[in-house]
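Have a look at the structure below, then the notes.
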Amino acid sequence: MEVRRYYVYILTNKARTVLYAGVTNSLSRRIWQHKNKILPGFASRYNLDCLIYFEEFRDINDAIGREKQIKGWSRAKKIALIGQENPQLNDLSEGWNDESRDSSHGSE
């Protein structure tokens with residue numbers, strides 16, 4: 001039986017001025033969609049295509065709960081969280097292709 005994986009992620013723009021938290025069951029596909037502006041909305045409008053943070057979960061409810069928690073935080077608290085793992089705010093998806101990060105291809 002395949003183990004499901006869910007991801008909470010934070011994106012920013014090239015200038016690192018805007019933060020966006022989301023949840024997905026395929027991190028590589030979702031980041032590819034953001035980078036290619038496939039999904040209309042906030043992330044596309046503000047050119048958010050740099051992955052600066054993510055967490056993996058086995059349960060969708062845990063992932064959704066964490067996304068909501070992070071979305072409710074101040075920018076300073078989000079930056080502190082990101083800084084624990086990625087203090088330089090590097091794009092963690094640099095060099096990924098659309099299938100390289102995980103093998104989950106189901107719908108969200």
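To be explicit about the labels: the chains of the structure tokens are called A, B, and onward in the order shown, and within each one the residues are counted from 1, while ligands get numbers from 1 in the order they are shown.
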Next on the checklist: Going by DSSP on the backbone, which residues of chain A come out as strand (DSSP E)? List them as a count of residues only.
Outcome noted: 21
Next on the checklist: Need the shell around range 40-57 of chain A: protein/DNA/RNA residues with any atom at most 8 Å away, counting only C-alpha atoms. Skip same-chain ones fewer than 2 positions apart. Format as a PyMOL selection string?
Outcome noted: chain A and resi 5-14+18-20+31+34-35+37-38+59-60+62-63+82+85-86+89-93
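Distance annotation: of A:Ser74, A:Ala21, A:Met1, A:Trp32, the residue with the minimal separation from Glu94 in chain A is A:Trp32; atom set is only C-alpha atoms.
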Those of range 13-61 of chain A in DSSP alpha helix (DSSP H), formatted as an mmCIF file with all heavy atoms, in the first residue's frame:
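As a result, out-v9.cif now contains:
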data_model
loop_
_atom_site.group_PDB
_atom_site.id
_atom_site.type_symbol
_atom_site.label_atom_id
_atom_site.label_comp_id
_atom_site.auth_asym_id
_atom_site.auth_seq_id
_atom_site.Cartn_x
_atom_site.Cartn_y
_atom_site.Cartn_z
ATOM 1 N N LEU A 27 4.376 17.965 -4.056
ATOM 2 C CA LEU A 27 5.148 19.201 -3.960
ATOM 3 C C LEU A 27 5.805 19.572 -5.284
ATOM 4 O O LEU A 27 5.752 20.729 -5.699
ATOM 5 C CB LEU A 27 6.194 19.067 -2.852
ATOM 6 C CG LEU A 27 6.947 20.337 -2.484
ATOM 7 C CD1 LEU A 27 6.001 21.437 -2.021
ATOM 8 C CD2 LEU A 27 7.977 20.030 -1.404
ATOM 9 N N SER A 28 6.392 18.604 -5.957
ATOM 10 C CA SER A 28 7.074 18.926 -7.215
ATOM 11 C C SER A 28 6.097 19.458 -8.254
ATOM 12 O O SER A 28 6.385 20.440 -8.944
ATOM 13 C CB SER A 28 7.819 17.713 -7.762
ATOM 14 O OG SER A 28 6.931 16.671 -8.070
ATOM 15 N N ARG A 29 4.933 18.825 -8.368
ATOM 16 C CA ARG A 29 3.936 19.290 -9.338
ATOM 17 C C ARG A 29 3.447 20.692 -8.981
ATOM 18 O O ARG A 29 3.360 21.577 -9.838
ATOM 19 C CB ARG A 29 2.756 18.326 -9.408
ATOM 20 C CG ARG A 29 1.714 18.773 -10.452
ATOM 21 C CD ARG A 29 0.455 17.916 -10.454
ATOM 22 N NE ARG A 29 -0.254 18.105 -9.203
ATOM 23 C CZ ARG A 29 -0.680 17.109 -8.413
ATOM 24 N NH1 ARG A 29 -0.451 15.855 -8.734
ATOM 25 N NH2 ARG A 29 -1.317 17.371 -7.305
ATOM 26 N N ARG A 30 3.150 20.914 -7.713
ATOM 27 C CA ARG A 30 2.626 22.220 -7.317
ATOM 28 C C ARG A 30 3.654 23.323 -7.536
ATOM 29 O O ARG A 30 3.312 24.405 -8.033
ATOM 30 C CB ARG A 30 2.185 22.172 -5.854
ATOM 31 C CG ARG A 30 1.624 23.487 -5.312
ATOM 32 C CD ARG A 30 0.485 24.091 -6.161
ATOM 33 N NE ARG A 30 -0.594 23.183 -6.410
ATOM 34 C CZ ARG A 30 -1.653 23.006 -5.622
ATOM 35 N NH1 ARG A 30 -1.771 23.684 -4.513
ATOM 36 N NH2 ARG A 30 -2.590 22.150 -5.961
ATOM 37 N N ILE A 31 4.903 23.063 -7.228
ATOM 38 C CA ILE A 31 5.923 24.086 -7.444
ATOM 39 C C ILE A 31 6.092 24.352 -8.931
ATOM 40 O O ILE A 31 6.216 25.506 -9.365
ATOM 41 C CB ILE A 31 7.266 23.682 -6.781
ATOM 42 C CG1 ILE A 31 7.092 23.523 -5.262
ATOM 43 C CG2 ILE A 31 8.365 24.681 -7.122
ATOM 44 C CD1 ILE A 31 6.445 24.703 -4.562
ATOM 45 N N TRP A 32 6.060 23.299 -9.741
ATOM 46 C CA TRP A 32 6.111 23.476 -11.189
ATOM 47 C C TRP A 32 4.944 24.344 -11.658
ATOM 48 O O TRP A 32 5.119 25.246 -12.482
ATOM 49 C CB TRP A 32 6.088 22.109 -11.884
ATOM 50 C CG TRP A 32 6.180 22.215 -13.374
ATOM 51 C CD1 TRP A 32 7.320 22.283 -14.115
ATOM 52 C CD2 TRP A 32 5.095 22.289 -14.302
ATOM 53 N NE1 TRP A 32 7.001 22.394 -15.459
ATOM 54 C CE2 TRP A 32 5.639 22.397 -15.590
ATOM 55 C CE3 TRP A 32 3.708 22.269 -14.157
ATOM 56 C CZ2 TRP A 32 4.855 22.488 -16.729
ATOM 57 C CZ3 TRP A 32 2.919 22.361 -15.296
ATOM 58 C CH2 TRP A 32 3.493 22.473 -16.565
ATOM 59 N N GLN A 33 3.754 24.099 -11.124
ATOM 60 C CA GLN A 33 2.579 24.901 -11.493
ATOM 61 C C GLN A 33 2.783 26.367 -11.115
ATOM 62 O O GLN A 33 2.459 27.266 -11.891
ATOM 63 C CB GLN A 33 1.324 24.357 -10.809
ATOM 64 C CG GLN A 33 0.865 23.030 -11.343
ATOM 65 C CD GLN A 33 -0.214 22.383 -10.498
ATOM 66 O OE1 GLN A 33 -0.335 22.633 -9.293
ATOM 67 N NE2 GLN A 33 -1.019 21.540 -11.129
ATOM 68 N N HIS A 34 3.325 26.610 -9.926
ATOM 69 C CA HIS A 34 3.587 27.994 -9.509
ATOM 70 C C HIS A 34 4.638 28.639 -10.406
ATOM 71 O O HIS A 34 4.458 29.780 -10.853
ATOM 72 C CB HIS A 34 4.045 28.051 -8.054
ATOM 73 C CG HIS A 34 2.948 27.874 -7.054
ATOM 74 N ND1 HIS A 34 1.824 28.674 -6.997
ATOM 75 C CD2 HIS A 34 2.800 26.970 -6.057
ATOM 76 C CE1 HIS A 34 1.046 28.285 -6.015
ATOM 77 N NE2 HIS A 34 1.614 27.236 -5.412
ATOM 78 N N LYS A 35 5.707 27.942 -10.684
ATOM 79 C CA LYS A 35 6.787 28.514 -11.500
ATOM 80 C C LYS A 35 6.322 28.816 -12.931
ATOM 81 O O LYS A 35 6.816 29.732 -13.563
ATOM 82 C CB LYS A 35 7.999 27.595 -11.527
ATOM 83 C CG LYS A 35 8.760 27.573 -10.207
ATOM 84 C CD LYS A 35 10.008 26.732 -10.292
ATOM 85 C CE LYS A 35 10.772 26.719 -8.992
ATOM 86 N NZ LYS A 35 11.395 27.976 -8.635
ATOM 87 N N PHE A 42 -3.434 34.390 -5.974
ATOM 88 C CA PHE A 42 -2.488 35.205 -5.231
ATOM 89 C C PHE A 42 -1.038 34.923 -5.631
ATOM 90 O O PHE A 42 -0.274 35.849 -5.912
ATOM 91 C CB PHE A 42 -2.684 34.958 -3.724
ATOM 92 C CG PHE A 42 -1.839 35.827 -2.850
ATOM 93 C CD1 PHE A 42 -2.268 37.090 -2.479
ATOM 94 C CD2 PHE A 42 -0.614 35.387 -2.385
ATOM 95 C CE1 PHE A 42 -1.492 37.901 -1.668
ATOM 96 C CE2 PHE A 42 0.179 36.177 -1.577
ATOM 97 C CZ PHE A 42 -0.266 37.447 -1.211
ATOM 98 N N ALA A 43 -0.653 33.659 -5.626
ATOM 99 C CA ALA A 43 0.744 33.304 -5.918
ATOM 100 C C ALA A 43 1.152 33.733 -7.319
ATOM 101 O O ALA A 43 2.252 34.237 -7.530
ATOM 102 C CB ALA A 43 0.965 31.803 -5.721
ATOM 103 N N SER A 44 0.277 33.540 -8.273
ATOM 104 C CA SER A 44 0.569 33.938 -9.645
ATOM 105 C C SER A 44 0.632 35.464 -9.770
ATOM 106 O O SER A 44 1.537 36.011 -10.402
ATOM 107 C CB SER A 44 -0.494 33.374 -10.584
ATOM 108 O OG SER A 44 -0.235 33.746 -11.906
ATOM 109 N N ARG A 45 -0.322 36.128 -9.142
ATOM 110 C CA ARG A 45 -0.410 37.585 -9.209
ATOM 111 C C ARG A 45 0.851 38.254 -8.645
ATOM 112 O O ARG A 45 1.304 39.283 -9.143
ATOM 113 C CB ARG A 45 -1.655 38.045 -8.455
ATOM 114 C CG ARG A 45 -2.001 39.487 -8.588
ATOM 115 C CD ARG A 45 -3.399 39.866 -8.093
ATOM 116 N NE ARG A 45 -3.806 39.223 -6.855
ATOM 117 C CZ ARG A 45 -4.731 38.247 -6.746
ATOM 118 N NH1 ARG A 45 -5.342 37.799 -7.813
ATOM 119 N NH2 ARG A 45 -5.047 37.734 -5.583
ATOM 120 N N ILE A 60 -3.624 14.227 5.876
ATOM 121 C CA ILE A 60 -4.061 15.483 5.251
ATOM 122 C C ILE A 60 -4.601 16.477 6.275
ATOM 123 O O ILE A 60 -4.385 17.672 6.157
ATOM 124 C CB ILE A 60 -5.089 15.231 4.115
ATOM 125 C CG1 ILE A 60 -5.418 16.543 3.381
ATOM 126 C CG2 ILE A 60 -6.352 14.591 4.650
ATOM 127 C CD1 ILE A 60 -4.261 17.214 2.700
ATOM 128 N N ASN A 61 -5.283 15.970 7.295
ATOM 129 C CA ASN A 61 -5.835 16.874 8.309
ATOM 130 C C ASN A 61 -4.733 17.581 9.098
ATOM 131 O O ASN A 61 -4.870 18.756 9.446
ATOM 132 C CB ASN A 61 -6.781 16.119 9.239
ATOM 133 C CG ASN A 61 -8.002 15.628 8.495
ATOM 134 O OD1 ASN A 61 -8.635 16.366 7.755
ATOM 135 N ND2 ASN A 61 -8.307 14.355 8.659
#
Item to check | Point-to-point distance in Å for CA of Asn36 in chain A and CA of Lys77 in chain A | outcome: 28.6 Å
Next on the checklist: Here is a test: counting only C-alpha atoms, which residue of A:Arg4, A:Arg16, A:Trp96, A:Val23 is nearest to Ile70 in chain A?
Outcome noted: A:Val23
Checklist entry - Which residue, A:Ala80, A:Gly22, A:Leu39, A:Gln88, has the smallest gap to Ile64 in chain A when you use only C-alpha atoms? => result A:Gly22
